[in-house]
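Asker: As input, take run_4.pdb (PDB, C-alpha atoms):
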```
MODEL        1
ATOM      1  CA  MET A   1       2.856  -2.255  20.150
ATOM      2  CA  ALA A   2       0.713  -3.513  22.999
ATOM      3  CA  LYS A   3      -2.420  -5.300  21.951
ATOM      4  CA  ASN A   4      -5.814  -3.791  22.542
ATOM      5  CA  GLU A   5      -6.845  -4.500  26.116
ATOM      6  CA  THR A   6      -9.749  -6.656  24.921
ATOM      7  CA  ALA A   7      -7.708  -8.649  22.446
ATOM      8  CA  GLY A   8      -6.456 -11.177  24.958
ATOM      9  CA  LYS A   9      -9.875 -12.116  26.271
ATOM     10  CA  LYS A  10     -11.195 -15.483  25.199
ATOM     11  CA  SER A  11     -14.801 -14.372  24.802
ATOM     12  CA  LEU A  12     -15.894 -11.911  22.135
ATOM     13  CA  PRO A  13     -18.912  -9.588  22.157
ATOM     14  CA  LYS A  14     -22.081 -11.559  21.459
ATOM     15  CA  LYS A  15     -23.529  -8.845  19.208
ATOM     16  CA  ALA A  16     -22.190  -6.059  17.004
ATOM     17  CA  LYS A  17     -23.455  -3.772  14.301
ATOM     18  CA  VAL A  18     -20.331  -4.239  12.155
ATOM     19  CA  VAL A  19     -17.504  -6.767  12.088
ATOM     20  CA  ILE A  20     -14.476  -5.816   9.992
ATOM     21  CA  ILE A  21     -12.285  -8.752   8.992
ATOM     22  CA  GLY A  22      -8.613  -7.876   8.592
ATOM     23  CA  GLY A  23      -6.251  -5.558  10.437
ATOM     24  CA  GLY A  24      -4.124  -4.207   7.625
ATOM     25  CA  VAL A  25      -4.228  -0.602   6.467
ATOM     26  CA  ILE A  26      -7.588  -1.100   4.698
ATOM     27  CA  GLY A  27      -9.287  -2.741   7.669
ATOM     28  CA  CYS A  28      -7.987  -0.145  10.124
ATOM     29  CA  SER A  29      -8.918   2.675   7.743
ATOM     30  CA  THR A  30     -12.436   1.256   7.458
ATOM     31  CA  ALA A  31     -12.714   1.093  11.247
ATOM     32  CA  TYR A  32     -11.379   4.641  11.609
ATOM     33  CA  HIS A  33     -13.810   6.086   9.107
ATOM     34  CA  LEU A  34     -16.855   4.247  10.416
ATOM     35  CA  ALA A  35     -16.043   5.662  13.846
ATOM     36  CA  LYS A  36     -15.686   9.143  12.346
ATOM     37  CA  GLN A  37     -19.115   8.727  10.754
ATOM     38  CA  GLY A  38     -20.587   7.982  14.161
ATOM     39  CA  TRP A  39     -21.079   4.223  13.818
ATOM     40  CA  LYS A  40     -21.254   2.350  17.119
ATOM     41  CA  ASP A  41     -20.681  -1.296  18.072
ATOM     42  CA  VAL A  42     -17.916  -1.761  15.487
ATOM     43  CA  LEU A  43     -15.468  -4.644  15.932
ATOM     44  CA  LEU A  44     -12.314  -5.515  13.993
ATOM     45  CA  TYR A  45     -11.104  -9.133  13.956
ATOM     46  CA  GLU A  46      -7.510  -9.703  12.867
ATOM     47  CA  ARG A  47      -6.337 -13.262  12.327
ATOM     48  CA  ALA A  48      -2.776 -12.572  13.590
ATOM     49  CA  GLN A  49      -1.314  -9.119  14.299
ATOM     50  CA  LEU A  50      -2.141  -5.723  12.830
ATOM     51  CA  THR A  51      -0.229  -5.117   9.534
ATOM     52  CA  SER A  52       0.711  -8.794   9.086
ATOM     53  CA  GLY A  53       0.217 -10.123   5.569
ATOM     54  CA  THR A  54       0.929  -7.357   3.070
ATOM     55  CA  THR A  55       0.730  -3.982   4.826
ATOM     56  CA  TRP A  56       3.959  -4.378   6.795
ATOM     57  CA  HIS A  57       6.134  -4.567   3.667
ATOM     58  CA  ALA A  58       4.316  -2.041   1.446
ATOM     59  CA  ALA A  59       6.374   0.747  -0.121
ATOM     60  CA  GLY A  60       4.179   3.475   1.369
ATOM     61  CA  LEU A  61       3.835   5.683  -1.712
ATOM     62  CA  ILE A  62       0.995   8.206  -1.619
ATOM     63  CA  GLU A  63      -0.125  10.254  -4.580
ATOM     64  CA  ALA A  64      -2.942  12.438  -5.836
ATOM     65  CA  ASN A  65      -1.772  12.583  -9.437
ATOM     66  CA  GLY A  66      -2.115  10.147 -12.303
ATOM     67  CA  PHE A  67      -5.750   9.197 -11.769
ATOM     68  CA  PHE A  68      -8.365   8.897 -14.500
ATOM     69  CA  SER A  69     -11.599   9.755 -12.690
ATOM     70  CA  ALA A  70     -12.927  12.529 -10.488
ATOM     71  CA  THR A  71     -13.856   9.997  -7.795
ATOM     72  CA  ASP A  72     -10.330   8.562  -7.633
ATOM     73  CA  LEU A  73      -8.823  12.047  -7.513
ATOM     74  CA  ASP A  74     -11.156  13.121  -4.728
ATOM     75  CA  MET A  75     -10.268  10.045  -2.674
ATOM     76  CA  ALA A  76      -6.549  10.487  -3.312
ATOM     77  CA  GLN A  77      -6.560  14.157  -2.344
ATOM     78  CA  TYR A  78      -8.508  13.330   0.816
ATOM     79  CA  THR A  79      -5.914  10.667   1.675
ATOM     80  CA  LEU A  80      -3.078  13.187   1.401
ATOM     81  CA  GLU A  81      -4.933  15.552   3.731
ATOM     82  CA  LEU A  82      -5.692  12.732   6.180
ATOM     83  CA  TYR A  83      -2.089  11.558   6.435
ATOM     84  CA  GLU A  84      -0.901  15.106   6.996
ATOM     85  CA  LYS A  85      -3.151  15.532  10.064
ATOM     86  CA  LEU A  86      -3.338  11.964  11.415
ATOM     87  CA  GLU A  87      -0.212  12.241  13.557
ATOM     88  CA  GLU A  88      -1.473  15.397  15.256
ATOM     89  CA  GLU A  89      -4.881  13.815  15.834
ATOM     90  CA  THR A  90      -3.698  10.498  17.268
ATOM     91  CA  GLY A  91      -0.301  11.359  18.717
ATOM     92  CA  MET A  92       1.253   8.545  16.677
ATOM     93  CA  ALA A  93       3.867   9.040  13.970
ATOM     94  CA  THR A  94       2.903   8.147  10.411
ATOM     95  CA  GLY A  95       6.246   8.692   8.698
ATOM     96  CA  HIS A  96       4.545  11.145   6.347
ATOM     97  CA  LYS A  97       6.993  12.986   4.106
ATOM     98  CA  GLY A  98       5.602  15.310   1.464
ATOM     99  CA  VAL A  99       8.694  15.040  -0.713
ATOM    100  CA  GLY A 100       6.763  15.028  -3.978
ATOM    101  CA  MET A 101       6.532  12.440  -6.729
ATOM    102  CA  MET A 102       7.986  12.608 -10.221
ATOM    103  CA  ILE A 103       6.826  10.400 -13.105
ATOM    104  CA  LEU A 104       9.131  10.065 -16.107
ATOM    105  CA  ALA A 105       8.226  10.029 -19.783
ATOM    106  CA  SER A 106      10.876   8.511 -22.042
ATOM    107  CA  THR A 107       8.746   7.693 -25.105
ATOM    108  CA  PRO A 108       6.466   9.925 -27.218
ATOM    109  CA  ASP A 109       3.434   7.809 -26.329
ATOM    110  CA  ARG A 110       4.151   8.080 -22.608
ATOM    111  CA  LEU A 111       4.677  11.829 -22.927
ATOM    112  CA  GLU A 112       1.309  12.256 -24.633
ATOM    113  CA  GLU A 113      -0.402  10.061 -22.048
ATOM    114  CA  LEU A 114       1.049  11.937 -19.072
ATOM    115  CA  ARG A 115       0.246  15.329 -20.587
ATOM    116  CA  ARG A 116      -3.395  14.310 -20.986
ATOM    117  CA  ILE A 117      -3.589  12.898 -17.468
ATOM    118  CA  THR A 118      -1.913  16.026 -16.095
ATOM    119  CA  ALA A 119      -4.401  18.306 -17.829
ATOM    120  CA  PHE A 120      -7.300  16.301 -16.397
ATOM    121  CA  ASN A 121      -5.807  16.249 -12.896
ATOM    122  CA  ARG A 122      -5.186  20.001 -12.906
ATOM    123  CA  LEU A 123      -8.897  20.574 -13.512
ATOM    124  CA  PHE A 124      -9.453  19.110 -10.043
ATOM    125  CA  GLY A 125      -6.833  21.184  -8.297
ATOM    126  CA  VAL A 126      -3.893  18.775  -8.334
ATOM    127  CA  GLU A 127      -0.626  20.678  -8.599
ATOM    128  CA  ILE A 128       1.591  19.087 -11.279
ATOM    129  CA  GLU A 129       4.525  20.649 -13.102
ATOM    130  CA  GLU A 130       5.986  19.392 -16.364
ATOM    131  CA  LEU A 131       9.779  19.391 -16.103
ATOM    132  CA  THR A 132      12.476  19.389 -18.751
ATOM    133  CA  PRO A 133      15.132  16.642 -18.657
ATOM    134  CA  LYS A 134      17.508  19.185 -17.129
ATOM    135  CA  GLN A 135      15.034  19.961 -14.352
ATOM    136  CA  VAL A 136      14.505  16.247 -13.765
ATOM    137  CA  LYS A 137      18.253  15.893 -13.317
ATOM    138  CA  GLU A 138      18.298  18.764 -10.849
ATOM    139  CA  LYS A 139      15.690  17.064  -8.663
ATOM    140  CA  TRP A 140      17.201  13.576  -9.055
ATOM    141  CA  PRO A 141      20.951  14.040  -9.690
ATOM    142  CA  LEU A 142      21.615  10.279  -9.600
ATOM    143  CA  ALA A 143      19.139   9.564 -12.411
ATOM    144  CA  GLU A 144      20.193   8.954 -16.016
ATOM    145  CA  THR A 145      18.112  11.432 -18.040
ATOM    146  CA  ARG A 146      19.563  11.309 -21.564
ATOM    147  CA  ASP A 147      16.547   9.348 -22.831
ATOM    148  CA  VAL A 148      14.003  11.301 -20.752
ATOM    149  CA  LEU A 149      11.616  13.563 -22.672
ATOM    150  CA  ALA A 150       9.956  15.116 -19.610
ATOM    151  CA  GLY A 151       9.117  14.606 -15.978
ATOM    152  CA  PHE A 152       5.803  15.315 -14.263
ATOM    153  CA  PHE A 153       6.276  16.483 -10.692
ATOM    154  CA  ALA A 154       3.508  16.615  -8.061
ATOM    155  CA  PRO A 155       5.019  18.414  -5.048
ATOM    156  CA  GLU A 156       2.288  17.436  -2.556
ATOM    157  CA  ASP A 157       2.695  13.690  -3.075
ATOM    158  CA  GLY A 158       5.213  11.611  -1.162
ATOM    159  CA  ARG A 159       5.419   8.682   1.216
ATOM    160  CA  VAL A 160       4.428   7.300   4.588
ATOM    161  CA  ASN A 161       5.421   4.384   6.785
ATOM    162  CA  PRO A 162       2.617   1.839   6.200
ATOM    163  CA  VAL A 163       2.945   0.202   9.624
ATOM    164  CA  ASP A 164       2.893   3.555  11.416
ATOM    165  CA  VAL A 165      -0.108   4.755   9.401
ATOM    166  CA  THR A 166      -2.003   1.567  10.198
ATOM    167  CA  MET A 167      -1.275   1.864  13.904
ATOM    168  CA  ALA A 168      -2.340   5.514  13.865
ATOM    169  CA  LEU A 169      -5.603   4.612  12.112
ATOM    170  CA  ALA A 170      -6.148   1.840  14.659
ATOM    171  CA  LYS A 171      -5.568   4.332  17.484
ATOM    172  CA  GLY A 172      -8.044   6.742  15.912
ATOM    173  CA  ALA A 173     -10.562   3.918  15.532
ATOM    174  CA  ARG A 174     -10.168   2.887  19.174
ATOM    175  CA  ASN A 175     -10.590   6.508  20.233
ATOM    176  CA  GLY A 176     -13.914   6.394  18.384
ATOM    177  CA  GLY A 177     -15.080   3.295  20.226
ATOM    178  CA  VAL A 178     -13.991   0.520  17.864
ATOM    179  CA  LYS A 179     -12.786  -2.652  19.584
ATOM    180  CA  ILE A 180      -9.894  -4.462  17.911
ATOM    181  CA  TYR A 181      -9.176  -8.145  18.492
ATOM    182  CA  GLU A 182      -5.893  -9.604  17.279
ATOM    183  CA  ASP A 183      -5.157 -13.353  17.064
ATOM    184  CA  THR A 184      -8.815 -13.842  16.145
ATOM    185  CA  PRO A 185      -9.171 -15.648  12.821
ATOM    186  CA  VAL A 186     -12.643 -15.831  11.296
ATOM    187  CA  THR A 187     -13.461 -19.463  10.527
ATOM    188  CA  GLY A 188     -16.993 -19.231   9.182
ATOM    189  CA  PHE A 189     -20.364 -17.505   9.047
ATOM    190  CA  GLU A 190     -23.991 -18.253   9.716
ATOM    191  CA  ILE A 191     -26.121 -17.100   6.793
ATOM    192  CA  GLU A 192     -29.844 -16.547   6.434
ATOM    193  CA  GLY A 193     -30.960 -15.936   2.877
ATOM    194  CA  HIS A 194     -28.334 -13.610   1.419
ATOM    195  CA  ARG A 195     -27.286 -12.045   4.716
ATOM    196  CA  ILE A 196     -24.556 -12.973   7.168
ATOM    197  CA  THR A 197     -26.106 -13.083  10.618
ATOM    198  CA  LYS A 198     -23.212 -14.408  12.664
ATOM    199  CA  VAL A 199     -19.404 -14.341  12.455
ATOM    200  CA  ILE A 200     -17.684 -17.454  13.779
ATOM    201  CA  THR A 201     -14.130 -17.399  15.177
ATOM    202  CA  ASP A 202     -12.024 -19.740  17.259
ATOM    203  CA  LYS A 203     -12.836 -17.535  20.257
ATOM    204  CA  GLY A 204     -16.581 -17.448  19.898
ATOM    205  CA  GLU A 205     -19.430 -16.196  17.746
ATOM    206  CA  THR A 206     -20.802 -12.696  17.174
ATOM    207  CA  GLU A 207     -24.240 -11.795  15.865
ATOM    208  CA  VAL A 208     -23.801  -9.049  13.292
ATOM    209  CA  GLU A 209     -25.679  -6.759  10.926
ATOM    210  CA  TYR A 210     -22.803  -5.954   8.564
ATOM    211  CA  VAL A 211     -19.539  -7.683   7.675
ATOM    212  CA  VAL A 212     -16.705  -5.908   5.835
ATOM    213  CA  ASN A 213     -14.143  -8.156   4.139
ATOM    214  CA  CYS A 214     -10.792  -6.372   4.455
ATOM    215  CA  ALA A 215      -8.747  -9.558   4.585
ATOM    216  CA  GLY A 216      -6.319  -8.553   1.851
ATOM    217  CA  MET A 217      -4.732 -11.582   0.251
ATOM    218  CA  TRP A 218      -7.079 -13.805   2.299
ATOM    219  CA  ALA A 219     -10.123 -11.923   0.965
ATOM    220  CA  ASN A 220     -10.936 -14.659  -1.548
ATOM    221  CA  GLN A 221     -10.808 -17.357   1.109
ATOM    222  CA  VAL A 222     -12.946 -15.310   3.505
ATOM    223  CA  GLY A 223     -15.423 -14.665   0.685
ATOM    224  CA  LYS A 224     -15.740 -18.381   0.009
ATOM    225  CA  LEU A 225     -16.825 -18.910   3.611
ATOM    226  CA  ALA A 226     -19.866 -16.801   2.723
ATOM    227  CA  GLY A 227     -20.355 -18.293  -0.735
ATOM    228  CA  VAL A 228     -19.007 -15.181  -2.449
ATOM    229  CA  ASN A 229     -16.266 -15.102  -5.072
ATOM    230  CA  VAL A 230     -13.818 -12.246  -4.463
ATOM    231  CA  PRO A 231     -11.684 -12.026  -7.634
ATOM    232  CA  LEU A 232      -8.379 -11.367  -5.911
ATOM    233  CA  GLN A 233      -5.134 -13.303  -6.333
ATOM    234  CA  PRO A 234      -1.890 -12.602  -4.450
ATOM    235  CA  THR A 235       1.126 -12.054  -6.698
ATOM    236  CA  GLU A 236       4.844 -11.656  -6.170
ATOM    237  CA  HIS A 237       6.245  -8.156  -5.679
ATOM    238  CA  TYR A 238       9.957  -7.398  -5.574
ATOM    239  CA  TYR A 239      11.976  -4.540  -4.194
ATOM    240  CA  LEU A 240      15.604  -3.921  -3.345
ATOM    241  CA  ILE A 241      17.056  -1.720  -0.598
ATOM    242  CA  THR A 242      20.652  -0.537  -0.892
ATOM    243  CA  GLU A 243      23.150   0.476   1.728
ATOM    244  CA  ALA A 244      23.616   4.215   2.261
ATOM    245  CA  ILE A 245      24.557   6.124  -0.915
ATOM    246  CA  GLU A 246      26.249   9.522  -1.023
ATOM    247  CA  GLY A 247      23.863  12.185  -2.273
ATOM    248  CA  VAL A 248      20.731  10.392  -1.091
ATOM    249  CA  ASP A 249      18.693  11.899   1.733
ATOM    250  CA  SER A 250      15.098  11.891   2.953
ATOM    251  CA  SER A 251      14.180  14.987   0.890
ATOM    252  CA  LEU A 252      14.550  13.073  -2.392
ATOM    253  CA  PRO A 253      11.251  12.876  -4.297
ATOM    254  CA  VAL A 254       9.693   9.542  -5.148
ATOM    255  CA  LEU A 255      10.655   8.686  -8.737
ATOM    256  CA  VAL A 256       8.374   6.568 -10.942
ATOM    257  CA  ASP A 257       9.585   5.140 -14.266
ATOM    258  CA  LEU A 258       6.605   3.414 -15.860
ATOM    259  CA  ASP A 259       8.501   2.357 -18.971
ATOM    260  CA  LYS A 260      10.935   0.381 -16.828
ATOM    261  CA  TYR A 261       8.196  -0.845 -14.444
ATOM    262  CA  ALA A 262      10.102   0.650 -11.518
ATOM    263  CA  TYR A 263       9.806   3.163  -8.697
ATOM    264  CA  TYR A 264      12.529   4.609  -6.468
ATOM    265  CA  ARG A 265      12.635   6.365  -3.112
ATOM    266  CA  GLU A 266      15.035   7.036  -0.259
ATOM    267  CA  GLU A 267      15.272   4.480   2.544
ATOM    268  CA  VAL A 268      17.595   5.130   5.515
ATOM    269  CA  GLY A 269      20.091   6.978   3.347
ATOM    270  CA  GLY A 270      19.978   4.381   0.588
ATOM    271  CA  ILE A 271      17.569   3.744  -2.270
ATOM    272  CA  LEU A 272      14.579   1.460  -2.259
ATOM    273  CA  PHE A 273      13.508   0.506  -5.742
ATOM    274  CA  GLY A 274      10.593  -1.722  -6.515
ATOM    275  CA  ILE A 275       9.467  -3.481  -9.652
ATOM    276  CA  PHE A 276       5.946  -4.068 -10.924
ATOM    277  CA  GLU A 277       6.132  -6.566 -13.744
ATOM    278  CA  PRO A 278       3.611  -6.203 -16.576
ATOM    279  CA  VAL A 279       2.484  -9.757 -15.776
ATOM    280  CA  SER A 280       3.216 -10.658 -12.174
ATOM    281  CA  ALA A 281       3.702 -14.226 -10.980
ATOM    282  CA  PRO A 282       0.747 -15.543  -8.951
ATOM    283  CA  TRP A 283       1.375 -16.884  -5.461
ATOM    284  CA  GLY A 284      -0.750 -19.052  -3.219
ATOM    285  CA  LEU A 285      -2.851 -20.575  -5.981
ATOM    286  CA  ASP A 286      -3.978 -23.280  -3.576
ATOM    287  CA  GLY A 287      -4.771 -20.714  -0.897
ATOM    288  CA  VAL A 288      -2.648 -18.472   1.295
ATOM    289  CA  PRO A 289      -1.321 -20.466   4.273
ATOM    290  CA  ASP A 290      -3.131 -19.731   7.530
ATOM    291  CA  ASN A 291       0.169 -19.298   9.377
ATOM    292  CA  PHE A 292       1.629 -16.782   6.895
ATOM    293  CA  THR A 293       2.059 -13.507   8.800
ATOM    294  CA  PHE A 294       5.217 -11.442   8.355
ATOM    295  CA  GLY A 295       6.578 -13.844   5.764
ATOM    296  CA  GLU A 296       8.545 -13.588   2.551
ATOM    297  CA  ILE A 297       8.388 -15.518  -0.716
ATOM    298  CA  ASN A 298      11.274 -17.420  -2.274
ATOM    299  CA  PRO A 299      12.313 -15.138  -5.139
ATOM    300  CA  ASP A 300      12.774 -16.045  -8.782
ATOM    301  CA  TRP A 301      15.811 -13.914  -9.623
ATOM    302  CA  ASP A 302      16.280 -15.431 -13.076
ATOM    303  CA  ARG A 303      12.918 -13.998 -14.090
ATOM    304  CA  MET A 304      13.503 -10.678 -12.349
ATOM    305  CA  MET A 305      17.071  -9.820 -13.363
ATOM    306  CA  PRO A 306      16.157  -8.244 -16.728
ATOM    307  CA  TYR A 307      13.883  -5.809 -14.894
ATOM    308  CA  VAL A 308      16.533  -5.124 -12.259
ATOM    309  CA  GLU A 309      19.134  -4.452 -14.954
ATOM    310  CA  GLU A 310      16.808  -1.993 -16.699
ATOM    311  CA  ALA A 311      16.098  -0.234 -13.419
ATOM    312  CA  MET A 312      19.821   0.097 -12.776
ATOM    313  CA  LYS A 313      20.227   1.817 -16.132
ATOM    314  CA  ARG A 314      17.972   4.583 -14.832
ATOM    315  CA  ILE A 315      19.966   4.936 -11.584
ATOM    316  CA  PRO A 316      23.506   3.774 -12.536
ATOM    317  CA  VAL A 317      24.869   4.108  -8.997
ATOM    318  CA  LEU A 318      22.746   1.094  -8.057
ATOM    319  CA  GLU A 319      25.138  -1.162  -9.954
ATOM    320  CA  GLU A 320      27.909  -0.427  -7.461
ATOM    321  CA  ALA A 321      25.803   0.065  -4.323
ATOM    322  CA  GLY A 322      25.855  -2.459  -1.537
ATOM    323  CA  ILE A 323      22.644  -4.440  -1.185
ATOM    324  CA  HIS A 324      20.989  -4.259   2.225
ATOM    325  CA  LYS A 325      17.887  -6.265   1.353
ATOM    326  CA  PHE A 326      16.428  -8.038  -1.705
ATOM    327  CA  PHE A 327      12.784  -8.649  -0.890
ATOM    328  CA  CYS A 328       9.958 -10.653  -2.426
ATOM    329  CA  GLY A 329       6.570 -10.608  -0.778
ATOM    330  CA  PRO A 330       2.901 -11.023  -1.698
ATOM    331  CA  GLU A 331       0.797  -8.152  -2.996
ATOM    332  CA  SER A 332      -2.935  -8.666  -2.821
TER
ENDMDL
END
```
Would you mind writing the file's structure down as structure tokens?
Answerer:
Amino acid sequence: MAKNETAGKKSLPKKAKVVIIGGGVIGCSTAYHLAKQGWKDVLLYERAQLTSGTTWHAAGLIEANGFFSATDLDMAQYTLELYEKLEEETGMATGHKGVGMMILASTPDRLEELRRITAFNRLFGVEIEELTPKQVKEKWPLAETRDVLAGFFAPEDGRVNPVDVTMALAKGARNGGVKIYEDTPVTGFEIEGHRITKVITDKGETEVEYVVNCAGMWANQVGKLAGVNVPLQPTEHYYLITEAIEGVDSSLPVLVDLDKYAYYREEVGGILFGIFEPVSAPWGLDGVPDNFTFGEINPDWDRMMPYVEEAMKRIPVLEEAGIHKFFCGPES
């Protein structure tokens, strides 16, 4: 994607109402929504390129079920509606696929938990259906369901392409007057009292009223520049993408198996399955490298193989499938 026409200029605006730091999905979403609210003189400074860091390798799952508060549910439902209309609004694809999401319960405790969450979510208009093991099998024929007690299916949930969504949000933000500057790392601030008055970059300084820290896994380091502790630590996240598998197509719902710490979805005719360990390994304890952009982390397969083996028990065909990509990257 071509950079914003102002991004290549050496000099930055001398004043702004808002400077957003970070051009991942959160930074671009913040810019988009400030513009929608009518804010003017909004700038976004991205240290490298939009989506670099974490956004580019996210799994892109979107859901409005499984939340524990009315505020979270309201935000999640709004997000689903936004992603459905964003492509039409901006003319840029988002990869949105409302294929639905199914969460499995394979223990009595999990079943009770999901039934309670489902009841709460339904009060706020979220459509969720409790499925029998047979119905789970019908929706996910490749899944092993003999130990499954029930599935909870939300048909309006699904997936997006995180890079495409970010670029669409950036386009919407630009349409609303936001100026986006890539290759513009923030190196410091000027502070008076408890307020940031100036943002310092390697391309110049900008007087500012508000600063929004959307730096993702650099958020802690950016916070320290302002004397603020942001309690965020990047950790390792693993996923595997297989070669094409017979019986897998883009209409397959997202499958979430909390008891095996795994999620599954279609990816170019194969299966992408990711693993969230109960205790993830920290990364970048001494700080995230400044030159880390679209990078990967050296994986620790000895630690991960027990989780991979359990995940393969849920989808047995994975044991024989060709591996297209085994990925380890930072999650902020």
Asker: Carefully work through the PyMOL selection byres ((chain A and resi 100-115) around 6) for this structure and note down the residues it includes, as a list in words.
Answerer: Gly98, Val99, Arg116, Ile117, Thr118, Asp147, Val148, Leu149, Ala150, Gly151, Phe152, Phe153, Ala154, Pro155, Glu156, Asp157, Gly158, Pro253, Val254, Leu255, Val256 and Asp257 of chain A
Asker: Go ahead and save the picked residues with C-alpha atoms, as a tab-separated table (two decimals), in the coordinates of the input.
Answerer:
```tsv
chain	number	residue	atom	x	y	z
A	98	GLY	CA	5.60	15.31	1.46
A	99	VAL	CA	8.69	15.04	-0.71
A	116	ARG	CA	-3.40	14.31	-20.99
A	117	ILE	CA	-3.59	12.90	-17.47
A	118	THR	CA	-1.91	16.03	-16.10
A	147	ASP	CA	16.55	9.35	-22.83
A	148	VAL	CA	14.00	11.30	-20.75
A	149	LEU	CA	11.62	13.56	-22.67
A	150	ALA	CA	9.96	15.12	-19.61
A	151	GLY	CA	9.12	14.61	-15.98
A	152	PHE	CA	5.80	15.32	-14.26
A	153	PHE	CA	6.28	16.48	-10.69
A	154	ALA	CA	3.51	16.61	-8.06
A	155	PRO	CA	5.02	18.41	-5.05
A	156	GLU	CA	2.29	17.44	-2.56
A	157	ASP	CA	2.70	13.69	-3.08
A	158	GLY	CA	5.21	11.61	-1.16
A	253	PRO	CA	11.25	12.88	-4.30
A	254	VAL	CA	9.69	9.54	-5.15
A	255	LEU	CA	10.66	8.69	-8.74
A	256	VAL	CA	8.37	6.57	-10.94
A	257	ASP	CA	9.59	5.14	-14.27
```
Asker: Which residues match the PyMOL selection byres ((chain A and resi 314-331) around 10) in the file above, as an MDAnalysis selection string?
Answerer: chainID A and resid 53:55 57:58 140:148 216:217 233:246 257 260 262 264 270:274 280:284 288 294:301 308:313 332
Asker: Evaluate the PyMOL selection byres ((chain A and resi 291) around 12) against this structure - the residues, as a list of chain:residue names, please.
Answerer: A:Arg47, A:Ala48, A:Gln49, A:Ser52, A:Gly53, A:Asp183, A:Pro185, A:Trp218, A:Gly287, A:Val288, A:Pro289, A:Asp290, A:Phe292, A:Thr293, A:Phe294, A:Gly295
Asker: Taking into account only C-alpha atoms, which residue in the set A:Gly91, A:Gly193, A:Pro306, A:Gly247 is nearest to Met167 in chain A?
Answerer: A:Gly91
Asker: To test the calculation: enclose all listed atoms of range 15-25 of chain A in a box whose edges run along x, y and z, add 4 Å on each side, then state centre and edge lengths in Å to one decimal, as JSON.
Answerer:
```
{"center_x": -13.8, "center_y": -4.7, "center_z": 12.8, "size_x": 27.4, "size_y": 16.2, "size_z": 20.7}
```
Asker: Figure out the distance between CA of Ser251 in chain A and CA of Glu266 in chain A, please, to one decimal in Å.
Answerer: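 Those two atoms sit 8.1 Å apart.
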Asker: Just the residues within 7 Å of Ala64 in chain A, please, counting only C-alpha atoms, with nothing from its chain fewer than 3 positions along; format it as JSON, numbers by chain.
Answerer: {"A": [73, 76, 77, 126, 157]}
Asker: Give one line per residue of range 118-174 of chain A that approaches range 26-42 of chain A to at most 12 Å, naming the two atoms of the closest pair and their distance in Å to one decimal, counting only C-alpha atoms; sort by chain then ascending residue number and deliver it as a tab-separated table.
Answerer:
```
residue	atom	partner	partner_atom	distance
A:Pro162	CA	A:Ile26	CA	10.7
A:Val163	CA	A:Cys28	CA	10.9
A:Asp164	CA	A:Cys28	CA	11.6
A:Val165	CA	A:Ser29	CA	9.2
A:Thr166	CA	A:Cys28	CA	6.2
A:Met167	CA	A:Cys28	CA	8.0
A:Ala168	CA	A:Cys28	CA	8.8
A:Leu169	CA	A:Cys28	CA	5.7
A:Ala170	CA	A:Cys28	CA	5.3
A:Lys171	CA	A:Tyr32	CA	8.3
A:Gly172	CA	A:Tyr32	CA	5.8
A:Ala173	CA	A:Tyr32	CA	4.1
A:Arg174	CA	A:Tyr32	CA	7.9
```
Asker: Suppose you want the space between CA of Tyr181 in chain A and CA of Tyr45 in chain A; what is it in Å?
Answerer: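 The value is 5.0 Å.
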Asker: What is the CA of Arg122 in chain A-CA of Ala59 in chain A distance in Å, reported with one decimal?
Answerer: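 These atoms are spaced 25.8 Å apart.
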Asker: Have a look at A:Glu46, A:Asn220, A:Phe120, A:Ile128 and name the one nearest to Ile20 in chain A; count all atoms listed in the file.
Answerer: A:Glu46
Asker: Choose the residue, out of A:Ile200, A:Leu252, A:Ala226, A:Ala119, that has the smallest atom-to-atom separation from Pro13 in chain A; count all atoms listed in the file.
Answerer: A:Ile200
Asker: Which of these residues is nearest to Leu258 in chain A, using all atoms listed in the file: A:Val208, A:Asn213, A:Tyr307, A:Glu63?
Answerer: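 Checking each candidate against Leu258 in chain A, we get A:Tyr307 as the closest.
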